[in-house]
Every structure is written in C-alpha cells, then in structure tokens.
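*Asks:* Here it is, the structure, as structure tokens.
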Amino acid sequence: MTSLQVLDIDFESVCENQYDVSLFASGYESRCIYVPGLLNPRMIDNPLVFGFTEEPYSGNRPKNDVFYCEKWGCKPIPLSGDNEQPIYDHLREHTQTQDSPLHILVDYTSMSRLWYAAVLNWARFAVLGREVIIDFIYAMGRYEEVKRPMVIKDMVTIPGCEGRAYRLRESVAVFGLGFHGLASLCVLDRLEADTVYAFLASPGSSQEYVEKTEKTNEDLINNYKTKTLLKLPLASIEACYRHLAETIAPHRPDGEITLVPMGPKPQVLASILIAMRFPEVACLRVSGAPDPLDVTPTGDIVATRVIVRAETNICSCPS
C-alpha cells in the first residue's frame, strides 16, 4: 500500500531546501529555464536534465541546452517525450539506500507527463519503507496564439493510472479543459461516457485564458451529458486534488471513471495524483504531433509537495 499527501507550498521554501536529486527538462519553450535560473545549484546534490529528442533544434532549445551546461554543469540527456524508462534508471543510480527521507525536486514546466508520472511511480513502487518528498514546481506562462487544431496521435492511459480493467454500471469521464476543444470532443465521442464532468483553471494565469478556455470548449460544456463545470484555481493543486476527489466519490463504488486532463500541467498533475490514489480511476494521456510554440514566463510559480509513503515493495516499475 502507498499513501499520498498533497500540499501547496511557497517557492521560497523550495529555494531553502536541500535536495538529493532534481529533474529538469530542456525544450523549445523559453520558460523552461525560468525556475532553474532562480535556484542555487549548491542546494541540489544530483541535478538531472533531460532534453527532448523531438524537435531538438526548434525555438529556444539550443539556448536552453547551453544554459543547463553553463549554470548546472549538465549536458541534457536525450530522451523522447514518449519514453519514461530512463527516468527510473537515473533515479535508481542517483539515490542512496538509507533510512532518512528522500527529497526530490521536479520542474515539470515543460516536461512530458510520462516523465513526472514516472517519478511518482518510482516513489510508490521502488522505494521500500522510506518516505519520499517530491516538490513539484511549475512556471506559469504566456502562450503564443494556437494557429491549428490538435490532431490526436495517441490516446493511452498513463502508467500507474490504468484504472479498472472492466466496465461496471456506468462510465464517467472527467475532462480538464484547455485550448484544444475539438480534440476534447473527439475523446468524448470515443469514450462514450454516460456522465461527464468538466473542470478548468479559474483563477488561471490570466482572465483572458479563462474566457478563452470556456469559449473553446463551449460545445463540451453545454453537452447534455455534462453534469457540472468546476472552476478550480491553477495556483492550488491541493485544492484541485481535493475537489476532484469529492466529485468522483459518488461514482467510485460501481463506476468506470476516466480523467482526461487537456489543460495546464498543474491540473494534469492533480489528475495523475487522483488516479494514483484511487486504483479504480484511470487517467488518459492524449497526445498530438509536436507543435513548437513558445511560452514565456509570467513570473508566477506554482509549488506543490507530494509526500509518498510506500509500505510494501510491489515493484511495477520497468527494470
């Protein structure tokens, strides 16, 4: 059994903490080096940087690689956004076997959700009798205008978030809304859900984005199957996690529940944590072709602490 505790924290406490391992991502967004630029490398024993093999020369990627080499002394490790296996290997290599709590920092601002889900799975299944404290940090951003609709490439469950293997009385879909309204409708058609809930980030990084999300997804919001639209604060994963747990609670005994987070990463993280807390709940990863639009930082940072306590060692991580 594994217990998860989710807490909002402030970024100042992150800057003052000492970490055994950190994970960063080097991509094409300019905001992906914003938080690492504020941190002191001396506070992290083993910094790890993973660089996307997709679009390796697009946007700010070359400049971001240079930043990590110069400030952190780390040449980015090439890794596909569709492959999380090396995450387990590097965590195993850079953590020592001891009884004290293990402190990990994850900047998931520009990170594949498979990568940060892998950190959670490693803490859940590969660490026996040791508390793992994972601080997740995210830099809010200003987005370029999305000029084309998302074309769905793949729709699979995130590892560790598979849910029930069989259908029960009802099918429930919980959509996290973002800027890809047509893609969300396509997923809804495929799921054939009996009951639908939707949630979006409000307050978000700006009121403009809240209004844009509502307009982009008005067909799903007004769908006759959609029961409730939840407005959950982007800056509080703890609140999002709690409200999602309360929303699905009536359906958990006999429902097939699927979370489909299509919005900002903090709410994706909250959805992954819900699916990991409740084994009967699934969380989908809907991916499209790479679209290297730049995202610049607003200066606001979301920080979340997840405390993982694994009481048994049933390891389902790839070896």
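Labels used: A, B, ... for chains in the order of the structure tokens, numbers from 1 for residues in each chain, and numbers from 1 for ligands as shown.
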Residues within 9 Å of Lys63 (chain A), please, as a list in words. Count only C-alpha atoms; anything in the same chain fewer than 4 positions from it doesn't count.

*Replies:*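 Counting only C-alpha atoms, the residues come to Tyr28, Ser30, Gly59, Phe67 and Tyr68 of chain A.
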
*Asks:* Using C-alpha atoms, can you export the residues from the last selection as an mmCIF file, in the first residue's frame?

*Replies:*
```cif
data_model
loop_
_atom_site.group_PDB
_atom_site.id
_atom_site.type_symbol
_atom_site.label_atom_id
_atom_site.label_comp_id
_atom_site.auth_asym_id
_atom_site.auth_seq_id
_atom_site.Cartn_x
_atom_site.Cartn_y
_atom_site.Cartn_z
ATOM 1 C CA TYR A 28 11.845 24.763 -27.015
ATOM 2 C CA SER A 30 11.744 29.940 -23.158
ATOM 3 C CA GLY A 59 12.745 27.544 -30.774
ATOM 4 C CA PHE A 67 22.076 27.392 -20.040
ATOM 5 C CA TYR A 68 21.996 23.968 -18.366
#
```

*Asks:* Can you pull out every residue within 12 Å of Glu211 (chain A), counting only C-alpha atoms, but drop anything in the same chain fewer than 5 positions away, and send it as number ranges by chain?

*Replies:* A: 177-179, 200-206, 216-218, 231

*Asks:* For a test of reading the model, state the distance in Å between CA of Gly81 (chain A) and CA of Phe52 (chain A), rounded to one decimal.

*Replies:* 6.2 Å

*Asks:* Please, which residues of region 108-311 of chain A, numbered as in this document, come out alpha helix (DSSP H) from DSSP, as a PyMOL selection string?

*Replies:* chain A and resi 113-125+181-191+207-216+218-221+237-248+265-277

*Asks:* Measure the distance from CA of Leu230 (chain A) to CA of His180 (chain A) in Å and round it to one decimal.

*Replies:*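 Between these atoms lies a distance of 17.6 Å.
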
*Asks:* Hey, what's within 10 Å of Ile248 (chain A) if we count only C-alpha atoms and toss same-chain stuff fewer than 3 positions away? As number ranges by chain, please?

*Replies:* A: 172-174, 197, 243-245, 251-253, 255, 257-259, 274, 281

*Asks:* Would you export the selected residues with N, CA and C atoms as a PDB file, in the first residue's frame, please?

*Replies:*
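Now in part-v2.pdb:
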```
ATOM      1  N   VAL A 172     -17.956   7.189 -16.468  1.00  0.00           N
ATOM      2  CA  VAL A 172     -17.867   8.595 -16.086  1.00  0.00           C
ATOM      3  C   VAL A 172     -16.571   9.171 -16.650  1.00  0.00           C
ATOM      4  N   ALA A 173     -16.672  10.290 -17.354  1.00  0.00           N
ATOM      5  CA  ALA A 173     -15.497  10.986 -17.884  1.00  0.00           C
ATOM      6  C   ALA A 173     -15.373  12.347 -17.228  1.00  0.00           C
ATOM      7  N   VAL A 174     -14.147  12.678 -16.786  1.00  0.00           N
ATOM      8  CA  VAL A 174     -13.883  13.968 -16.144  1.00  0.00           C
ATOM      9  C   VAL A 174     -12.830  14.686 -16.980  1.00  0.00           C
ATOM     10  N   TYR A 197     -18.130  15.230 -16.377  1.00  0.00           N
ATOM     11  CA  TYR A 197     -17.806  16.404 -15.589  1.00  0.00           C
ATOM     12  C   TYR A 197     -16.689  17.141 -16.324  1.00  0.00           C
ATOM     13  N   HIS A 243     -11.012  18.756  -4.655  1.00  0.00           N
ATOM     14  CA  HIS A 243     -12.307  18.896  -5.321  1.00  0.00           C
ATOM     15  C   HIS A 243     -12.561  17.760  -6.321  1.00  0.00           C
ATOM     16  N   LEU A 244     -11.533  17.326  -7.012  1.00  0.00           N
ATOM     17  CA  LEU A 244     -11.708  16.204  -7.935  1.00  0.00           C
ATOM     18  C   LEU A 244     -12.058  14.926  -7.176  1.00  0.00           C
ATOM     19  N   ALA A 245     -11.395  14.714  -6.029  1.00  0.00           N
ATOM     20  CA  ALA A 245     -11.700  13.532  -5.213  1.00  0.00           C
ATOM     21  C   ALA A 245     -13.157  13.556  -4.752  1.00  0.00           C
ATOM     22  N   HIS A 251     -19.246   8.052  -7.559  1.00  0.00           N
ATOM     23  CA  HIS A 251     -19.185   7.098  -8.676  1.00  0.00           C
ATOM     24  C   HIS A 251     -18.165   5.987  -8.459  1.00  0.00           C
ATOM     25  N   ARG A 252     -17.317   6.118  -7.447  1.00  0.00           N
ATOM     26  CA  ARG A 252     -16.221   5.163  -7.272  1.00  0.00           C
ATOM     27  C   ARG A 252     -16.673   3.732  -6.980  1.00  0.00           C
ATOM     28  N   PRO A 253     -17.730   3.504  -6.217  1.00  0.00           N
ATOM     29  CA  PRO A 253     -18.079   2.106  -5.899  1.00  0.00           C
ATOM     30  C   PRO A 253     -18.397   1.250  -7.125  1.00  0.00           C
ATOM     31  N   GLY A 255     -18.557   2.683 -10.690  1.00  0.00           N
ATOM     32  CA  GLY A 255     -18.400   3.393 -11.948  1.00  0.00           C
ATOM     33  C   GLY A 255     -17.041   3.185 -12.575  1.00  0.00           C
ATOM     34  N   ILE A 257     -14.390   5.237 -14.100  1.00  0.00           N
ATOM     35  CA  ILE A 257     -14.079   6.667 -14.073  1.00  0.00           C
ATOM     36  C   ILE A 257     -12.785   6.925 -14.838  1.00  0.00           C
ATOM     37  N   THR A 258     -12.833   7.867 -15.794  1.00  0.00           N
ATOM     38  CA  THR A 258     -11.658   8.212 -16.589  1.00  0.00           C
ATOM     39  C   THR A 258     -11.431   9.712 -16.533  1.00  0.00           C
ATOM     40  N   LEU A 259     -10.246  10.116 -16.088  1.00  0.00           N
ATOM     41  CA  LEU A 259      -9.846  11.515 -16.100  1.00  0.00           C
ATOM     42  C   LEU A 259      -9.139  11.817 -17.413  1.00  0.00           C
ATOM     43  N   ILE A 274      -4.830  11.862  -8.443  1.00  0.00           N
ATOM     44  CA  ILE A 274      -6.124  11.251  -8.125  1.00  0.00           C
ATOM     45  C   ILE A 274      -6.162   9.809  -8.595  1.00  0.00           C
ATOM     46  N   VAL A 281      -9.640   4.420 -10.712  1.00  0.00           N
ATOM     47  CA  VAL A 281      -9.732   5.595 -11.579  1.00  0.00           C
ATOM     48  C   VAL A 281      -8.583   5.586 -12.586  1.00  0.00           C
TER      49      VAL A 281
END
```

*Asks:* Find the residues around Arg61 (chain A) up to 7 Å (only C-alpha atoms counted), leave out those fewer than 5 positions away in its own chain, and share them as a count of residues only.

*Replies:* 4

*Asks:* Identify, on the basis of only C-alpha atoms, every residue whose closest approach to Tyr108 (chain A) does not exceed 7 Å; exclude the query and any residue fewer than 4 positions from it along the same chain; express the result as a ChimeraX atom specification.

*Replies:* /A:116,136-138

*Asks:* What does the distance from CA of Ile33 (chain A) to CA of Leu232 (chain A) come to in Å, to one decimal?

*Replies:* 26.6 Å

*Asks:* My list of candidates is A:Ile9, A:Val35, A:Val132, A:Val66. Which is closest to Val21 (chain A) when distances are computed with only C-alpha atoms?

*Replies:*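 Using only C-alpha atoms, the shortest distance to Val21 (chain A) belongs to A:Val132.
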
*Asks:* Taking only C-alpha atoms into account, name the residue in A:Leu79, A:Leu38, A:Leu220, A:Val302 that is nearest to Glu55 (chain A).

*Replies:*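 Residue with the minimum atom-to-atom distance to Glu55 (chain A): A:Leu79.
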
*Asks:* Please, which residues of region 36-282 of chain A, numbered as in this document, come out strand (DSSP E or B) from DSSP, as a count of residues only?

*Replies:* 72

*Asks:* Closest to Gly299 (chain A) among A:Asp10, A:Arg142, A:Met43, A:Glu70, using only C-alpha atoms?

*Replies:*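 Once distances to Gly299 (chain A) are computed over only C-alpha atoms, the minimum belongs to A:Arg142.
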
*Asks:* Restricting the calculation to only C-alpha atoms, which member of A:Asn64, A:Ser80, A:Ser22, A:Ser100 is positioned closest to Leu128 (chain A)?

*Replies:*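 Checking each of A:Asn64, A:Ser80, A:Ser22, A:Ser100 against Leu128 (chain A), counting only C-alpha atoms, the winner is A:Ser100.
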
*Asks:* Residues within 9 Å of Asp154 (chain A), please, as JSON, numbers by chain. Count only C-alpha atoms; anything in the same chain fewer than 2 positions from it doesn't count.

*Replies:* {"A": [152, 156, 285, 286, 287, 288]}

*Asks:* Suppose we keep all heavy atoms; can you now write the selection as a short mmCIF file (atom, residue, chain, number, x, y, z; two decimals), in the first residue's frame?

*Replies:*
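The resulting out-v1.cif:
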```cif
data_model
loop_
_atom_site.label_atom_id
_atom_site.label_comp_id
_atom_site.auth_asym_id
_atom_site.auth_seq_id
_atom_site.Cartn_x
_atom_site.Cartn_y
_atom_site.Cartn_z
N ILE A 152 -5.02 14.36 -32.86
CA ILE A 152 -4.70 13.33 -31.88
C ILE A 152 -3.83 12.24 -32.51
O ILE A 152 -4.19 11.63 -33.51
CB ILE A 152 -5.98 12.72 -31.29
CG1 ILE A 152 -6.75 13.78 -30.51
CG2 ILE A 152 -5.65 11.55 -30.36
CD1 ILE A 152 -8.10 13.30 -29.98
N VAL A 156 -3.75 7.02 -24.62
CA VAL A 156 -3.44 5.85 -23.79
C VAL A 156 -3.48 6.25 -22.33
O VAL A 156 -3.39 7.43 -21.98
CB VAL A 156 -2.06 5.26 -24.14
CG1 VAL A 156 -2.02 4.73 -25.57
CG2 VAL A 156 -0.96 6.31 -23.94
N ARG A 285 -3.63 9.97 -21.28
CA ARG A 285 -2.70 10.91 -21.92
C ARG A 285 -3.10 11.02 -23.39
O ARG A 285 -3.00 10.06 -24.14
CB ARG A 285 -1.26 10.40 -21.81
CG ARG A 285 -0.24 11.27 -22.54
CD ARG A 285 1.13 10.63 -22.50
NE ARG A 285 2.15 11.47 -23.11
CZ ARG A 285 2.91 11.10 -24.14
NH1 ARG A 285 2.76 9.90 -24.68
NH2 ARG A 285 3.83 11.92 -24.62
N VAL A 286 -3.58 12.19 -23.77
CA VAL A 286 -3.96 12.46 -25.16
C VAL A 286 -2.84 13.29 -25.78
O VAL A 286 -2.58 14.41 -25.34
CB VAL A 286 -5.30 13.21 -25.24
CG1 VAL A 286 -5.68 13.46 -26.69
CG2 VAL A 286 -6.40 12.41 -24.53
N SER A 287 -2.16 12.73 -26.76
CA SER A 287 -1.01 13.43 -27.35
C SER A 287 -1.25 13.71 -28.82
O SER A 287 -2.00 13.02 -29.51
CB SER A 287 0.26 12.59 -27.18
OG SER A 287 0.13 11.33 -27.81
N GLY A 288 -0.60 14.77 -29.29
CA GLY A 288 -0.66 15.14 -30.70
C GLY A 288 0.73 15.30 -31.27
O GLY A 288 1.73 15.05 -30.59
#
```

*Asks:* Please, which residues in region 140-244 of chain A fall within 7 Å of region 268-271 of chain A when counting only C-alpha atoms, and what is the closest atom pair and distance in Å to one decimal for each, ordered by chain then residue number, as a tab-separated table?

*Replies:*
```
residue	atom	partner	partner_atom	distance
A:Ile237	CA	A:Ala270	CA	5.9
A:Cys240	CA	A:Ala270	CA	6.4
A:Tyr241	CA	A:Ala270	CA	5.1
```

*Asks:* I want to know what sits within 12 Å of Cys186 (chain A), based on only C-alpha atoms, with residues of the same chain fewer than 3 positions away left out; could you give that as number ranges by chain?

*Replies:* A: 149-155, 175, 180-183, 189-192, 217, 219-220, 260, 286

*Asks:* For a quick check of understanding, using only C-alpha atoms, which of A:Pro76, A:Val127, A:Glu170, A:Ser58 has the smallest distance to Leu91 (chain A)?

*Replies:*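 Closest residue, counting only C-alpha atoms: A:Val127.
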